[in-house]
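Q: Below you'll find input35.txt; it's compact mmCIF, N, CA and C atoms.
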```txt
# COMPACT_ATOMS: atom_id res chain seq x y z
N MET A 188 -11.03 0.02 -0.40
CA MET A 188 -11.07 0.11 -1.84
C MET A 188 -12.53 0.00 -2.28
N PRO A 189 -12.98 0.89 -3.17
CA PRO A 189 -14.35 0.81 -3.65
C PRO A 189 -14.59 -0.47 -4.43
N ASN A 190 -15.83 -0.90 -4.42
CA ASN A 190 -16.18 -2.10 -5.18
C ASN A 190 -15.95 -1.86 -6.66
N ALA A 191 -15.52 -2.91 -7.33
CA ALA A 191 -15.27 -2.82 -8.77
C ALA A 191 -16.59 -2.92 -9.52
N ALA A 192 -16.68 -2.18 -10.63
CA ALA A 192 -17.86 -2.28 -11.48
C ALA A 192 -17.97 -3.70 -12.02
N ASN A 193 -16.84 -4.29 -12.35
CA ASN A 193 -16.81 -5.67 -12.83
C ASN A 193 -15.72 -6.41 -12.05
N PRO A 194 -16.08 -7.08 -10.93
CA PRO A 194 -15.06 -7.75 -10.11
C PRO A 194 -14.34 -8.89 -10.81
N ASN A 195 -14.87 -9.35 -11.95
CA ASN A 195 -14.22 -10.43 -12.70
C ASN A 195 -13.17 -9.90 -13.67
N LYS A 196 -13.16 -8.61 -13.87
CA LYS A 196 -12.17 -8.02 -14.76
C LYS A 196 -10.79 -8.16 -14.14
N ARG A 197 -9.84 -8.55 -14.95
CA ARG A 197 -8.48 -8.82 -14.45
C ARG A 197 -7.67 -7.53 -14.38
N GLU A 198 -8.10 -6.64 -13.49
CA GLU A 198 -7.43 -5.34 -13.34
C GLU A 198 -6.83 -5.13 -11.95
N PHE A 199 -6.84 -6.15 -11.13
CA PHE A 199 -6.37 -6.04 -9.76
C PHE A 199 -4.96 -6.60 -9.61
N TYR A 200 -4.33 -6.20 -8.53
CA TYR A 200 -3.01 -6.74 -8.20
C TYR A 200 -2.86 -6.80 -6.69
N VAL A 201 -1.93 -7.62 -6.25
CA VAL A 201 -1.55 -7.71 -4.84
C VAL A 201 -0.15 -7.13 -4.77
N TYR A 202 0.07 -6.25 -3.80
CA TYR A 202 1.37 -5.61 -3.67
C TYR A 202 1.79 -5.56 -2.22
N ARG A 203 3.07 -5.32 -2.02
CA ARG A 203 3.56 -5.07 -0.68
C ARG A 203 4.41 -3.81 -0.72
N LEU A 204 4.46 -3.13 0.40
CA LEU A 204 5.33 -1.99 0.57
C LEU A 204 6.48 -2.44 1.45
N GLN A 205 7.68 -1.99 1.10
CA GLN A 205 8.84 -2.40 1.88
C GLN A 205 9.92 -1.33 1.84
N VAL A 206 10.77 -1.40 2.82
CA VAL A 206 11.97 -0.57 2.89
C VAL A 206 13.13 -1.55 2.85
N GLY A 207 13.97 -1.40 1.85
CA GLY A 207 15.01 -2.41 1.65
C GLY A 207 14.33 -3.73 1.36
N ASN A 208 14.70 -4.75 2.11
CA ASN A 208 14.05 -6.06 1.96
C ASN A 208 13.04 -6.34 3.04
N ALA A 209 12.66 -5.32 3.81
CA ALA A 209 11.74 -5.51 4.93
C ALA A 209 10.33 -5.05 4.57
N PRO A 210 9.43 -5.99 4.27
CA PRO A 210 8.05 -5.61 3.96
C PRO A 210 7.30 -5.21 5.23
N PHE A 211 6.39 -4.24 5.09
CA PHE A 211 5.60 -3.83 6.24
C PHE A 211 4.12 -3.70 5.93
N TYR A 212 3.71 -3.91 4.68
CA TYR A 212 2.30 -3.81 4.33
C TYR A 212 2.03 -4.64 3.09
N VAL A 213 0.90 -5.33 3.09
CA VAL A 213 0.42 -6.07 1.93
C VAL A 213 -0.97 -5.57 1.63
N GLY A 214 -1.25 -5.27 0.37
CA GLY A 214 -2.56 -4.76 0.01
C GLY A 214 -2.98 -5.18 -1.38
N ILE A 215 -4.19 -4.79 -1.71
CA ILE A 215 -4.77 -5.04 -3.02
C ILE A 215 -4.95 -3.70 -3.70
N GLY A 216 -4.67 -3.66 -4.97
CA GLY A 216 -4.86 -2.40 -5.69
C GLY A 216 -5.34 -2.63 -7.11
N ARG A 217 -5.66 -1.51 -7.71
CA ARG A 217 -5.91 -1.46 -9.15
C ARG A 217 -5.60 -0.03 -9.57
N ALA A 218 -5.32 0.14 -10.80
CA ALA A 218 -4.94 1.46 -11.32
C ALA A 218 -3.73 1.97 -10.55
N GLY A 219 -3.79 3.20 -10.02
CA GLY A 219 -2.65 3.82 -9.38
C GLY A 219 -2.64 3.76 -7.87
N ARG A 220 -3.35 2.85 -7.26
CA ARG A 220 -3.45 2.83 -5.80
C ARG A 220 -2.09 2.66 -5.11
N ALA A 221 -1.36 1.64 -5.46
CA ALA A 221 -0.09 1.38 -4.77
C ALA A 221 0.92 2.51 -4.96
N PRO A 222 1.14 2.98 -6.17
CA PRO A 222 2.12 4.07 -6.33
C PRO A 222 1.72 5.35 -5.60
N ASP A 223 0.46 5.49 -5.24
CA ASP A 223 0.00 6.71 -4.57
C ASP A 223 0.13 6.65 -3.05
N ARG A 224 0.56 5.54 -2.49
CA ARG A 224 0.58 5.42 -1.02
C ARG A 224 1.47 6.46 -0.35
N VAL A 225 2.69 6.63 -0.81
CA VAL A 225 3.59 7.59 -0.16
C VAL A 225 3.09 9.02 -0.37
N PRO A 226 2.73 9.44 -1.60
CA PRO A 226 2.18 10.79 -1.75
C PRO A 226 0.91 11.01 -0.92
N TYR A 227 0.09 9.98 -0.77
CA TYR A 227 -1.12 10.05 0.05
C TYR A 227 -0.75 10.38 1.50
N VAL A 228 0.26 9.69 2.02
CA VAL A 228 0.70 9.94 3.39
C VAL A 228 1.33 11.33 3.51
N GLN A 229 2.08 11.74 2.52
CA GLN A 229 2.66 13.08 2.55
C GLN A 229 1.56 14.15 2.60
N ARG A 230 0.47 13.94 1.89
CA ARG A 230 -0.66 14.89 1.95
C ARG A 230 -1.27 14.91 3.35
N LYS A 231 -1.41 13.74 3.97
CA LYS A 231 -1.92 13.66 5.34
C LYS A 231 -1.00 14.40 6.30
N MET A 232 0.30 14.24 6.12
CA MET A 232 1.26 14.90 6.99
C MET A 232 1.15 16.43 6.85
N ARG A 233 0.99 16.91 5.63
CA ARG A 233 0.83 18.36 5.42
C ARG A 233 -0.44 18.87 6.10
N ARG A 234 -1.54 18.12 5.98
CA ARG A 234 -2.79 18.53 6.65
C ARG A 234 -2.60 18.57 8.16
N GLN A 235 -1.91 17.58 8.69
CA GLN A 235 -1.68 17.53 10.14
C GLN A 235 -0.84 18.72 10.60
N ARG A 236 0.19 19.07 9.83
CA ARG A 236 1.03 20.23 10.19
C ARG A 236 0.22 21.53 10.19
N LYS A 237 -0.83 21.58 9.38
CA LYS A 237 -1.70 22.77 9.34
C LYS A 237 -2.73 22.75 10.46
N GLY A 238 -2.71 21.70 11.27
CA GLY A 238 -3.66 21.61 12.37
C GLY A 238 -4.99 20.99 12.00
N GLN A 239 -5.07 20.44 10.81
CA GLN A 239 -6.31 19.80 10.37
C GLN A 239 -6.38 18.38 10.91
N ALA A 240 -7.59 17.90 11.14
CA ALA A 240 -7.79 16.54 11.65
C ALA A 240 -7.38 15.52 10.59
N VAL A 241 -6.69 14.49 11.03
CA VAL A 241 -6.23 13.43 10.13
C VAL A 241 -6.50 12.09 10.80
N THR A 242 -7.02 11.15 10.05
CA THR A 242 -7.21 9.78 10.53
C THR A 242 -6.11 8.93 9.93
N TRP A 243 -5.40 8.22 10.79
CA TRP A 243 -4.25 7.43 10.35
C TRP A 243 -4.58 5.94 10.34
N SER A 244 -4.41 5.30 9.20
CA SER A 244 -4.48 3.84 9.14
C SER A 244 -3.11 3.32 9.59
N PRO A 245 -3.03 2.06 10.01
CA PRO A 245 -1.74 1.55 10.48
C PRO A 245 -0.61 1.69 9.45
N HIS A 246 -0.87 1.34 8.19
CA HIS A 246 0.23 1.41 7.23
C HIS A 246 0.61 2.86 6.93
N ALA A 247 -0.34 3.78 6.96
CA ALA A 247 -0.03 5.19 6.75
C ALA A 247 0.82 5.72 7.91
N ARG A 248 0.53 5.25 9.10
CA ARG A 248 1.31 5.65 10.28
C ARG A 248 2.77 5.19 10.13
N VAL A 249 2.95 3.97 9.64
CA VAL A 249 4.30 3.45 9.44
C VAL A 249 5.04 4.27 8.39
N ILE A 250 4.39 4.57 7.28
CA ILE A 250 5.02 5.37 6.22
C ILE A 250 5.40 6.74 6.77
N ALA A 251 4.50 7.37 7.52
CA ALA A 251 4.79 8.69 8.09
C ALA A 251 6.01 8.62 9.02
N ARG A 252 6.09 7.59 9.83
CA ARG A 252 7.24 7.44 10.73
C ARG A 252 8.54 7.27 9.96
N LEU A 253 8.48 6.49 8.87
CA LEU A 253 9.67 6.31 8.04
C LEU A 253 10.11 7.64 7.43
N LEU A 254 9.15 8.40 6.92
CA LEU A 254 9.49 9.70 6.32
C LEU A 254 10.05 10.66 7.37
N ARG A 255 9.44 10.68 8.55
CA ARG A 255 9.93 11.55 9.63
C ARG A 255 11.33 11.13 10.11
N ALA A 256 11.63 9.85 9.97
CA ALA A 256 12.94 9.33 10.39
C ALA A 256 14.02 9.62 9.35
N GLY A 257 13.62 10.19 8.22
CA GLY A 257 14.61 10.57 7.22
C GLY A 257 14.67 9.70 5.99
N PHE A 258 13.84 8.69 5.90
CA PHE A 258 13.81 7.88 4.68
C PHE A 258 13.27 8.72 3.54
N GLU A 259 13.85 8.57 2.37
CA GLU A 259 13.36 9.26 1.18
C GLU A 259 12.15 8.50 0.64
N PRO A 260 11.19 9.19 0.04
CA PRO A 260 10.03 8.50 -0.52
C PRO A 260 10.40 7.37 -1.47
N ARG A 261 11.47 7.54 -2.24
CA ARG A 261 11.85 6.49 -3.20
C ARG A 261 12.36 5.23 -2.50
N GLU A 262 12.73 5.33 -1.22
CA GLU A 262 13.20 4.17 -0.47
C GLU A 262 12.05 3.28 -0.01
N ILE A 263 10.84 3.81 -0.03
CA ILE A 263 9.65 3.03 0.34
C ILE A 263 9.09 2.48 -0.97
N ARG A 264 9.43 1.23 -1.22
CA ARG A 264 9.14 0.64 -2.54
C ARG A 264 7.87 -0.19 -2.55
N GLU A 265 7.26 -0.19 -3.70
CA GLU A 265 6.11 -1.06 -3.98
C GLU A 265 6.61 -2.25 -4.77
N VAL A 266 6.24 -3.45 -4.34
CA VAL A 266 6.58 -4.67 -5.06
C VAL A 266 5.28 -5.37 -5.41
N ARG A 267 5.06 -5.58 -6.68
CA ARG A 267 3.86 -6.29 -7.12
C ARG A 267 4.08 -7.79 -6.95
N VAL A 268 3.19 -8.42 -6.23
CA VAL A 268 3.28 -9.85 -5.95
C VAL A 268 2.53 -10.63 -7.03
N LEU A 269 1.42 -10.09 -7.47
CA LEU A 269 0.54 -10.74 -8.43
C LEU A 269 -0.14 -9.64 -9.22
N GLN A 270 -0.23 -9.80 -10.54
CA GLN A 270 -0.82 -8.74 -11.37
C GLN A 270 -1.88 -9.31 -12.31
N ARG A 271 -2.73 -8.41 -12.77
CA ARG A 271 -3.77 -8.72 -13.76
C ARG A 271 -4.61 -9.92 -13.36
N VAL A 272 -5.21 -9.81 -12.16
CA VAL A 272 -6.09 -10.87 -11.65
C VAL A 272 -7.45 -10.27 -11.30
N SER A 273 -8.43 -11.13 -11.09
CA SER A 273 -9.76 -10.67 -10.70
C SER A 273 -9.73 -10.22 -9.23
N GLN A 274 -10.76 -9.50 -8.83
CA GLN A 274 -10.84 -9.05 -7.45
C GLN A 274 -10.89 -10.26 -6.51
N LYS A 275 -11.62 -11.28 -6.88
CA LYS A 275 -11.74 -12.49 -6.06
C LYS A 275 -10.37 -13.14 -5.84
N THR A 276 -9.59 -13.24 -6.90
CA THR A 276 -8.26 -13.83 -6.79
C THR A 276 -7.36 -12.98 -5.92
N ALA A 277 -7.42 -11.66 -6.10
CA ALA A 277 -6.60 -10.75 -5.29
C ALA A 277 -6.98 -10.85 -3.82
N LEU A 278 -8.28 -10.90 -3.52
CA LEU A 278 -8.73 -11.00 -2.14
C LEU A 278 -8.28 -12.31 -1.49
N ALA A 279 -8.19 -13.38 -2.29
CA ALA A 279 -7.73 -14.66 -1.75
C ALA A 279 -6.21 -14.67 -1.56
N ARG A 280 -5.50 -14.01 -2.44
CA ARG A 280 -4.03 -14.05 -2.39
C ARG A 280 -3.45 -13.12 -1.33
N GLU A 281 -4.14 -12.01 -1.01
CA GLU A 281 -3.63 -11.06 -0.03
C GLU A 281 -3.31 -11.72 1.31
N PRO A 282 -4.25 -12.43 1.96
CA PRO A 282 -3.91 -13.05 3.25
C PRO A 282 -2.87 -14.16 3.10
N ALA A 283 -2.84 -14.81 1.95
CA ALA A 283 -1.83 -15.84 1.73
C ALA A 283 -0.43 -15.22 1.69
N GLU A 284 -0.31 -14.04 1.10
CA GLU A 284 0.98 -13.34 1.06
C GLU A 284 1.38 -12.88 2.45
N ILE A 285 0.42 -12.41 3.23
CA ILE A 285 0.72 -12.00 4.61
C ILE A 285 1.22 -13.19 5.41
N THR A 286 0.56 -14.32 5.28
CA THR A 286 0.97 -15.53 5.98
C THR A 286 2.36 -15.96 5.54
N ARG A 287 2.61 -15.92 4.23
CA ARG A 287 3.93 -16.31 3.71
C ARG A 287 5.03 -15.43 4.31
N LEU A 288 4.80 -14.12 4.34
CA LEU A 288 5.80 -13.20 4.88
C LEU A 288 6.00 -13.39 6.39
N ALA A 289 4.93 -13.70 7.09
CA ALA A 289 5.02 -13.89 8.53
C ALA A 289 5.87 -15.11 8.88
N ARG A 290 5.96 -16.06 7.97
CA ARG A 290 6.75 -17.27 8.20
C ARG A 290 8.23 -17.09 7.91
N LEU A 291 8.60 -16.01 7.26
CA LEU A 291 10.03 -15.80 6.91
C LEU A 291 10.85 -15.48 8.13
```
Could you rewrite the structure in this file as structure tokens?
A:
Amino acid sequence: MPNAANPNKREFYVYRLQVGNAPFYVGIGRAGRAPDRVPYVQRKMRRQRKGQAVTWSPHARVIARLLRAGFEPREIREVRVLQRVSQKTALAREPAEITRLARL
């Protein structure tokens, strides 16, 4: 994620991606980042089918596998964990959410 012009501005959020009740990714976003994850992966998949080079991040690889397995894009849901916080708060909460989920 690019650095914020004003990291103290309360425009950040922490989110997780999940299928059903099974989370598989926790991230930080602002603006339209989280809702764009599935379309972003779909664009990567189209480029790959055309023979173009694609670099896969771990969460993008998981989304692509889910889509190839027949899951509909709407089944890969974004859940906001925390909203309207500063970048510093979001950066601190992201690993805490990962730890919380790992304990479930």
Q: What does the structure give for the distance between CA of Gln270 in chain A and CA of Phe199 in chain A, in Å to one decimal?
A: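 Result for CA of Gln270 in chain A versus CA of Phe199 in chain A: 6.4 Å, one decimal.
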Q: One decimal, in Å: what's the spacing between atom N of Arg217 in chain A and atom C of Glu198 in chain A?
A: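 Pair atom N of Arg217 in chain A / atom C of Glu198 in chain A returns 5.7 Å.
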Q: With all atoms listed in the file as the basis for distance, which of A:Arg224, A:Arg230, A:Arg264, A:Lys275 is at the shortest distance from Lys196 in chain A?
A: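 Answer, going by the shortest atom-to-atom distance: A:Lys275.
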Q: Please list as a list in words every residue within 8 Å of Ala251 in chain A, counting all atoms listed in the file and excluding residues in the same chain fewer than 3 positions away.
A: Val225, Val228, Gln229, Met232, Pro245, His246, Ala247, Arg248, Leu254, Arg255, Ala256 and Gly257 of chain A
Q: So what do you get for atom N of Val241 in chain A versus atom N of Gly216 in chain A, distance-wise?
A: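 Going from atom N of Val241 in chain A over to atom N of Gly216 in chain A, I get 24.3 Å.
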Q: DSSP on the backbone, then: every residue of chain A marked strand (DSSP E or B), written as a ChimeraX atom specification.
A: /A:199-206,209-217,263-272
Q: Considering all atoms listed in the file, can you say which of A:Arg234, A:Arg290, A:Glu284, A:Ser244 comes closest to Val213 in chain A?
A: A:Glu284
Q: Please determine, counting only C-alpha atoms, which residue among A:Gly219, A:Ala192, A:Gln239, A:Val201 has the shortest atom-to-atom distance to Arg267 in chain A.
A: A:Val201
Q: For Arg197 in chain A, please output as a list in words all residues within 8 Å (counting all atoms listed in the file; exclusion window: fewer than 6 positions along the same chain).
A: Gln270, Arg271, Val272, Ser273 and Gln274 of chain A
Q: Do a neighbour search on Val206 in chain A at 8 Å with all atoms listed in the file, toss out local chain neighbours closer than 2 positions, and write the hits as number ranges by chain.
A: A: 203-204, 208-212, 261-265
Q: Which one is closest to Trp243 in chain A: A:Phe258, A:Lys231, A:Leu269, A:Pro226? Count only C-alpha atoms.
A: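 Under the stated criterion, the closest residue is A:Lys231.
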